[in-house]
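Asks: The following file, upload-v2.pdb, comprises PDB, C-alpha atoms:
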```pdb
ATOM      1  CA  MET A 215      70.573 145.943  33.509
ATOM      2  CA  ALA A 216      71.103 144.683  29.954
ATOM      3  CA  SER A 217      68.803 145.879  27.204
ATOM      4  CA  ILE A 218      68.433 145.532  23.438
ATOM      5  CA  ASP A 219      69.284 148.554  21.306
ATOM      6  CA  GLU A 220      66.705 148.292  18.513
ATOM      7  CA  THR A 221      68.597 150.854  16.418
ATOM      8  CA  LYS A 222      71.372 148.273  15.873
ATOM      9  CA  GLN A 223      71.076 145.501  13.312
ATOM     10  CA  PHE A 224      71.198 141.872  14.494
ATOM     11  CA  ILE A 225      74.346 140.059  13.355
ATOM     12  CA  PRO A 226      73.866 136.293  12.962
ATOM     13  CA  LEU A 227      76.739 134.138  14.155
ATOM     14  CA  ASN A 228      77.814 130.668  13.044
ATOM     15  CA  ILE A 229      77.422 128.450  16.100
ATOM     16  CA  ALA A 230      78.443 124.790  16.364
ATOM     17  CA  VAL A 231      76.934 122.439  18.961
ATOM     18  CA  LEU A 232      78.815 119.462  20.366
ATOM     19  CA  THR A 233      77.055 116.932  22.565
ATOM     20  CA  VAL A 234      79.406 114.901  24.737
ATOM     21  CA  SER A 235      77.788 111.589  25.630
ATOM     22  CA  ASP A 236      78.478 107.868  25.631
ATOM     23  CA  THR A 237      74.783 107.070  25.258
ATOM     24  CA  ARG A 238      73.144 109.641  22.971
ATOM     25  CA  ALA A 239      72.506 109.672  19.232
ATOM     26  CA  LEU A 240      71.090 112.595  17.239
ATOM     27  CA  ALA A 241      67.613 111.058  17.451
ATOM     28  CA  ASP A 242      67.528 111.243  21.267
ATOM     29  CA  ASP A 243      69.882 114.152  21.938
ATOM     30  CA  LYS A 244      67.473 116.467  23.765
ATOM     31  CA  SER A 245      70.166 118.814  25.062
ATOM     32  CA  GLY A 246      71.831 119.302  21.683
ATOM     33  CA  GLN A 247      68.416 119.779  20.086
ATOM     34  CA  THR A 248      67.458 122.325  22.738
ATOM     35  CA  LEU A 249      70.546 124.366  21.858
ATOM     36  CA  ALA A 250      70.101 123.945  18.096
ATOM     37  CA  ASP A 251      66.478 125.085  18.320
ATOM     38  CA  ARG A 252      67.337 128.150  20.411
ATOM     39  CA  ILE A 253      70.287 129.098  18.205
ATOM     40  CA  THR A 254      68.203 129.093  15.037
ATOM     41  CA  ALA A 255      65.172 130.708  16.716
ATOM     42  CA  ALA A 256      67.446 133.583  17.776
ATOM     43  CA  GLY A 257      68.454 134.112  14.142
ATOM     44  CA  HIS A 258      71.915 132.540  14.243
ATOM     45  CA  HIS A 259      73.185 129.817  11.898
ATOM     46  CA  LEU A 260      73.741 126.277  13.151
ATOM     47  CA  ALA A 261      77.202 125.815  11.633
ATOM     48  CA  ALA A 262      77.600 122.187  12.733
ATOM     49  CA  ARG A 263      76.223 119.676  15.174
ATOM     50  CA  GLU A 264      77.966 116.519  16.338
ATOM     51  CA  ILE A 265      77.947 113.961  19.123
ATOM     52  CA  VAL A 266      81.162 112.553  20.533
ATOM     53  CA  THR A 267      81.872 110.120  23.363
ATOM     54  CA  ASP A 268      83.269 111.184  26.741
ATOM     55  CA  ASP A 269      86.862 110.915  25.546
ATOM     56  CA  VAL A 270      89.386 113.740  25.949
ATOM     57  CA  GLU A 271      91.043 113.282  22.553
ATOM     58  CA  ALA A 272      87.747 112.816  20.686
ATOM     59  CA  ILE A 273      86.270 115.972  22.244
ATOM     60  CA  ARG A 274      89.443 117.960  21.651
ATOM     61  CA  ALA A 275      89.680 116.850  17.996
ATOM     62  CA  VAL A 276      86.195 118.155  17.154
ATOM     63  CA  VAL A 277      86.667 121.426  19.038
ATOM     64  CA  ARG A 278      90.101 122.010  17.460
ATOM     65  CA  ARG A 279      88.589 121.444  14.011
ATOM     66  CA  TRP A 280      85.871 124.007  14.726
ATOM     67  CA  ILE A 281      88.357 126.509  16.165
ATOM     68  CA  ALA A 282      90.335 126.268  12.898
ATOM     69  CA  ASP A 283      87.178 126.618  10.781
ATOM     70  CA  SER A 284      86.565 130.239   9.738
ATOM     71  CA  GLY A 285      82.888 129.298   9.351
ATOM     72  CA  VAL A 286      82.506 128.738  13.118
ATOM     73  CA  ASP A 287      82.326 131.747  15.442
ATOM     74  CA  VAL A 288      81.089 130.004  18.591
ATOM     75  CA  VAL A 289      81.199 126.461  19.969
ATOM     76  CA  VAL A 290      78.683 125.352  22.588
ATOM     77  CA  THR A 291      79.139 121.955  24.185
ATOM     78  CA  THR A 292      76.676 120.066  26.343
ATOM     79  CA  GLY A 293      77.583 117.216  28.639
ATOM     80  CA  GLY A 294      80.623 115.920  30.456
ATOM     81  CA  THR A 295      80.887 118.745  33.003
ATOM     82  CA  GLY A 296      80.070 116.723  36.111
ATOM     83  CA  PHE A 297      82.314 114.783  38.487
ATOM     84  CA  THR A 298      81.938 111.174  37.400
ATOM     85  CA  GLY A 299      84.886 109.310  35.960
ATOM     86  CA  ARG A 300      83.614 109.762  32.392
ATOM     87  CA  ASP A 301      83.002 113.541  32.728
ATOM     88  CA  VAL A 302      86.032 114.996  30.942
ATOM     89  CA  THR A 303      84.802 117.969  28.910
ATOM     90  CA  PRO A 304      86.650 120.630  30.962
ATOM     91  CA  GLU A 305      89.840 118.526  30.883
ATOM     92  CA  ALA A 306      89.537 118.261  27.099
ATOM     93  CA  ILE A 307      88.716 121.870  26.331
ATOM     94  CA  GLU A 308      90.258 124.127  28.981
ATOM     95  CA  PRO A 309      93.843 123.463  27.775
ATOM     96  CA  LEU A 310      92.779 124.895  24.406
ATOM     97  CA  PHE A 311      91.723 128.242  25.930
ATOM     98  CA  GLU A 312      93.919 131.234  25.242
ATOM     99  CA  LYS A 313      91.764 133.139  27.722
ATOM    100  CA  ARG A 314      89.390 131.750  30.337
ATOM    101  CA  MET A 315      86.016 133.343  30.852
ATOM    102  CA  ASP A 316      85.582 132.908  34.604
ATOM    103  CA  GLY A 317      82.535 135.183  34.653
ATOM    104  CA  PHE A 318      80.567 132.683  32.560
ATOM    105  CA  SER A 319      80.873 129.978  35.179
ATOM    106  CA  ILE A 320      79.982 132.422  37.936
ATOM    107  CA  ALA A 321      76.927 133.727  36.069
ATOM    108  CA  PHE A 322      75.826 130.188  35.203
ATOM    109  CA  HIS A 323      76.102 129.054  38.832
ATOM    110  CA  MET A 324      74.254 132.108  40.147
ATOM    111  CA  MET A 325      71.396 131.520  37.738
ATOM    112  CA  SER A 326      71.417 127.778  38.371
ATOM    113  CA  HIS A 327      71.472 128.243  42.144
ATOM    114  CA  ALA A 328      68.229 130.209  41.922
ATOM    115  CA  LYS A 329      66.603 127.170  40.262
ATOM    116  CA  ILE A 330      68.247 124.083  41.775
ATOM    117  CA  GLY A 331      69.949 125.401  44.886
ATOM    118  CA  THR A 332      73.257 124.002  46.026
ATOM    119  CA  SER A 333      73.075 121.177  43.476
ATOM    120  CA  THR A 334      74.657 123.665  41.057
ATOM    121  CA  ILE A 335      78.044 122.846  42.578
ATOM    122  CA  GLN A 336      77.905 119.509  40.751
ATOM    123  CA  SER A 337      78.548 121.296  37.446
ATOM    124  CA  ARG A 338      81.897 122.409  36.081
ATOM    125  CA  ALA A 339      80.435 124.697  33.407
ATOM    126  CA  THR A 340      83.287 126.618  31.818
ATOM    127  CA  ALA A 341      84.059 128.946  28.925
ATOM    128  CA  GLY A 342      86.898 130.650  27.145
ATOM    129  CA  VAL A 343      88.327 131.885  23.870
ATOM    130  CA  ALA A 344      90.629 129.980  21.510
ATOM    131  CA  GLY A 345      91.658 130.997  18.016
ATOM    132  CA  ALA A 346      89.180 133.905  18.047
ATOM    133  CA  THR A 347      86.372 131.400  18.734
ATOM    134  CA  TYR A 348      84.156 131.567  21.797
ATOM    135  CA  ILE A 349      83.683 128.216  23.551
ATOM    136  CA  PHE A 350      80.986 127.566  26.158
ATOM    137  CA  CYS A 351      80.672 124.240  27.997
ATOM    138  CA  LEU A 352      77.257 123.553  29.513
ATOM    139  CA  PRO A 353      75.997 120.593  31.541
ATOM    140  CA  GLY A 354      74.214 117.779  29.726
ATOM    141  CA  SER A 355      70.627 118.347  30.821
ATOM    142  CA  PRO A 356      68.108 120.119  28.581
ATOM    143  CA  GLY A 357      67.227 122.383  31.521
ATOM    144  CA  ALA A 358      70.831 123.490  31.951
ATOM    145  CA  CYS A 359      71.067 124.141  28.205
ATOM    146  CA  ARG A 360      67.885 126.230  28.301
ATOM    147  CA  ASP A 361      69.174 128.167  31.290
ATOM    148  CA  GLY A 362      72.620 128.721  29.781
ATOM    149  CA  TRP A 363      71.222 129.887  26.462
ATOM    150  CA  ASP A 364      68.230 131.882  27.683
ATOM    151  CA  GLY A 365      69.939 133.390  30.722
ATOM    152  CA  ILE A 366      73.408 134.193  29.356
ATOM    153  CA  LEU A 367      74.273 133.276  25.795
ATOM    154  CA  ALA A 368      71.233 134.676  23.959
ATOM    155  CA  ALA A 369      72.029 138.187  25.180
ATOM    156  CA  GLN A 370      75.810 138.023  25.012
ATOM    157  CA  LEU A 371      75.741 136.647  21.458
ATOM    158  CA  ASP A 372      73.386 139.424  20.313
ATOM    159  CA  TYR A 373      75.175 142.487  18.937
ATOM    160  CA  ARG A 374      72.289 144.693  20.050
ATOM    161  CA  THR A 375      72.719 143.901  23.774
ATOM    162  CA  ARG A 376      73.822 146.880  25.848
ATOM    163  CA  PRO A 377      75.901 147.884  27.702
ATOM    164  CA  CYS A 378      78.172 145.286  26.032
ATOM    165  CA  ASN A 379      78.230 141.895  24.307
ATOM    166  CA  PHE A 380      80.662 139.367  22.864
ATOM    167  CA  VAL A 381      79.845 140.137  19.228
ATOM    168  CA  GLU A 382      81.178 143.692  19.296
ATOM    169  CA  ILE A 383      84.639 142.542  20.407
ATOM    170  CA  MET A 384      84.910 139.598  17.982
ATOM    171  CA  PRO A 385      87.022 141.539  15.451
ATOM    172  CA  ARG A 386      89.610 142.139  18.190
ATOM    173  CA  LEU A 387      89.873 138.607  19.597
ATOM    174  CA  ASP A 388      92.948 137.807  17.524
ATOM    175  CA  GLU A 389      94.616 141.235  17.566
ATOM    176  CA  HIS A 390      97.515 139.847  19.620
ATOM    177  CA  LEU A 391      98.285 137.554  16.686
ATOM    178  CA  ARG A 392      98.153 140.370  14.117
ATOM    179  CA  ARG A 393     100.016 143.086  16.037
ATOM    180  CA  PRO A 394     103.765 143.197  15.358
ATOM    181  CA  LYS A 395     106.014 143.482  18.383
ATOM    182  CA  ALA A 396     106.981 147.022  19.284
ATOM    183  CA  GLN A 397     110.306 148.071  17.796
ATOM    184  CA  GLY A 398     112.965 148.515  20.449
ATOM    185  CA  ALA A 399     110.872 147.058  23.273
ATOM    186  CA  THR A 400     112.916 145.517  26.048
ATOM    187  CA  VAL A 401     110.142 143.927  28.071
TER     188      VAL A 401
END
```
Would you write the structure of this file as structure tokens?

Replies:
Amino acid sequence: MASIDETKQFIPLNIAVLTVSDTRALADDKSGQTLADRITAAGHHLAAREIVTDDVEAIRAVVRRWIADSGVDVVVTTGGTGFTGRDVTPEAIEPLFEKRMDGFSIAFHMMSHAKIGTSTIQSRATAGVAGATYIFCLPGSPGACRDGWDGILAAQLDYRTRPCNFVEIMPRLDEHLRRPKAQGATV
């Protein structure tokens, strides 16, 4: 079971929140606000917050910008993970992943199943890493955002969480880009 090692110092991350919605504005974006509130309450920095329509290129443009921004460590999206014709967040973001994080989706569905039963299958929550930036895509309801943050992200984005967490491996996320090819390698 995970625990917090109080002998370690908390390391605040820079986390950007993207709400994907055709109908929301900042004033009525409950899901984005839920995430923003939890991020800052945990001691992290809200690096950016935007709303974009359910459009593959619009979503991808914002996420690419944040991946390229050294001031953004983590991107959390909310919305667009369902099955309707306008739900395109996974289609927009998954092609950007250098590595998929299949365990995130599994953990999210297990936790969600305990609360809403088989209705959890209507979500395509996903996550991965791109450009040394963690990206987590949550459903668009405030409840799903609470569950995703409280049940998974709060602990995994806390350096003090044991036995392991995402923060401790951040310096190594781009090592494949920094490591020169082995001299004389044939494979």

Asks: Any chance you could work out the residue set of the PyMOL selection byres ((chain A and resi 309-313) around 7) here, as an mmCIF file with C-alpha atoms, in the frame of the given file?

Replies:
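out.cif was written with the following content:
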```cif
data_model
loop_
_atom_site.group_PDB
_atom_site.id
_atom_site.type_symbol
_atom_site.label_atom_id
_atom_site.label_comp_id
_atom_site.auth_asym_id
_atom_site.auth_seq_id
_atom_site.Cartn_x
_atom_site.Cartn_y
_atom_site.Cartn_z
ATOM 1 C CA ALA A 306 89.537 118.261 27.099
ATOM 2 C CA ILE A 307 88.716 121.870 26.331
ATOM 3 C CA GLU A 308 90.258 124.127 28.981
ATOM 4 C CA ARG A 314 89.390 131.750 30.337
ATOM 5 C CA MET A 315 86.016 133.343 30.852
ATOM 6 C CA GLY A 342 86.898 130.650 27.145
ATOM 7 C CA VAL A 343 88.327 131.885 23.870
ATOM 8 C CA ALA A 344 90.629 129.980 21.510
#
```

Asks: Give me, please, the distance in Å between atom CA of Glu220 of chain A and atom CA of Ala250 of chain A, quoted to one decimal.

Replies: 24.6 Å

Asks: Applying 8 Å and only C-alpha atoms, which residues near Ala339 of chain A remain after dropping the ones on its own chain fewer than 2 positions away? List them as a PyMOL selection string.

Replies: chain A and resi 295+304+319+322+337+341+350-353

Asks: Could you check the closest approach to Val381 of chain A for each of A:Ala262, A:Val270, A:Ala369, A:Ile281 and tell me which residue wins, using all atoms listed in the file?

Replies: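 Checking each of A:Ala262, A:Val270, A:Ala369, A:Ile281 against Val381 of chain A, counting all atoms listed in the file, the winner is A:Ala369.
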
Asks: Could you give me the centre and size, in Å to one decimal, of an axis-aligned box around all listed atoms of segment 266-281 of chain A with 8 Å added on every side, as JSON?

Replies:
```
{"center_x": 86.1, "center_y": 118.3, "center_z": 20.4, "size_x": 25.9, "size_y": 32.4, "size_z": 28.7}
```

Asks: So that I can see what lies close to segment 299-303 of chain A, please list as a list of chain:residue names the residues with an atom at most 10 Å from it, counting only C-alpha atoms and leaving out residues fewer than 6 positions away in the same chain.

Replies: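 Skipping anything fewer than 6 positions along the chain leaves A:Val234, A:Ser235, A:Asp236, A:Thr267, A:Asp268, A:Asp269, A:Val270, A:Glu271, A:Ile273, A:Arg274, A:Thr291, A:Thr292, A:Gly293, A:Arg338, A:Ala339, A:Thr340, A:Cys351, A:Leu352, A:Pro353.
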
Asks: Using all atoms listed in the file for the distances, tell me which of A:Gly345, A:Gly331, A:Gly317, A:Gly362 is nearest to Val286 of chain A.

Replies: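 Closest residue, counting all atoms listed in the file: A:Gly345.
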
Asks: Skipping near chain neighbours, those fewer than 3 positions away, what residues fall within 10 Å of Asp372 of chain A using all atoms listed in the file, listed as a PyMOL selection string?

Replies: chain A and resi 218+223-227+256-258+367-369+375-376+378-382

Asks: Would you mind telling me which residue in A:His390, A:His327, A:Arg278, A:Arg263 lies nearest to Leu240 of chain A when using only C-alpha atoms?

Replies: A:Arg263

Asks: Counting all atoms listed in the file, which of A:Thr298, A:Thr221, A:Asn228, A:Gln336 gets nearest to Leu371 of chain A?

Replies: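 For Leu371 of chain A, the nearest of the candidates is A:Asn228.
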
Asks: Using all atoms listed in the file, which of the listed residues (A:Thr332, A:Ile229, A:Ala358, A:Thr347) sits closest to Ala282 of chain A?

Replies: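 Among the listed residues, A:Thr347 lies closest to Ala282 of chain A.
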
Asks: Of the candidates A:Ile335, A:Ile366, A:Ile383, A:Ile330, which shows the shortest atom-to-atom distance to Gly296 of chain A, using all atoms listed in the file?

Replies: A:Ile335

Asks: Record the distance separating atom CA of Ser326 of chain A and atom CA of Ala261 of chain A, expressed in Å with one decimal.

Replies: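 One can read the atom CA of Ser326 of chain A to atom CA of Ala261 of chain A distance as 27.4 Å.
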
Asks: At a cut-off of 8 Å around the point (71.1, 128.6, 25.1) (file coordinates), what residues fall inside when counting all atoms listed in the file? I'd like the answer as a PyMOL selection string.

Replies: chain A and resi 248-249+252-253+359-368

Asks: What does the distance from atom CA of Gly294 of chain A to atom CA of Tyr373 of chain A come to in Å, to one decimal?

Replies: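 Answer for the atom CA of Gly294 of chain A to atom CA of Tyr373 of chain A separation: 29.5 Å.
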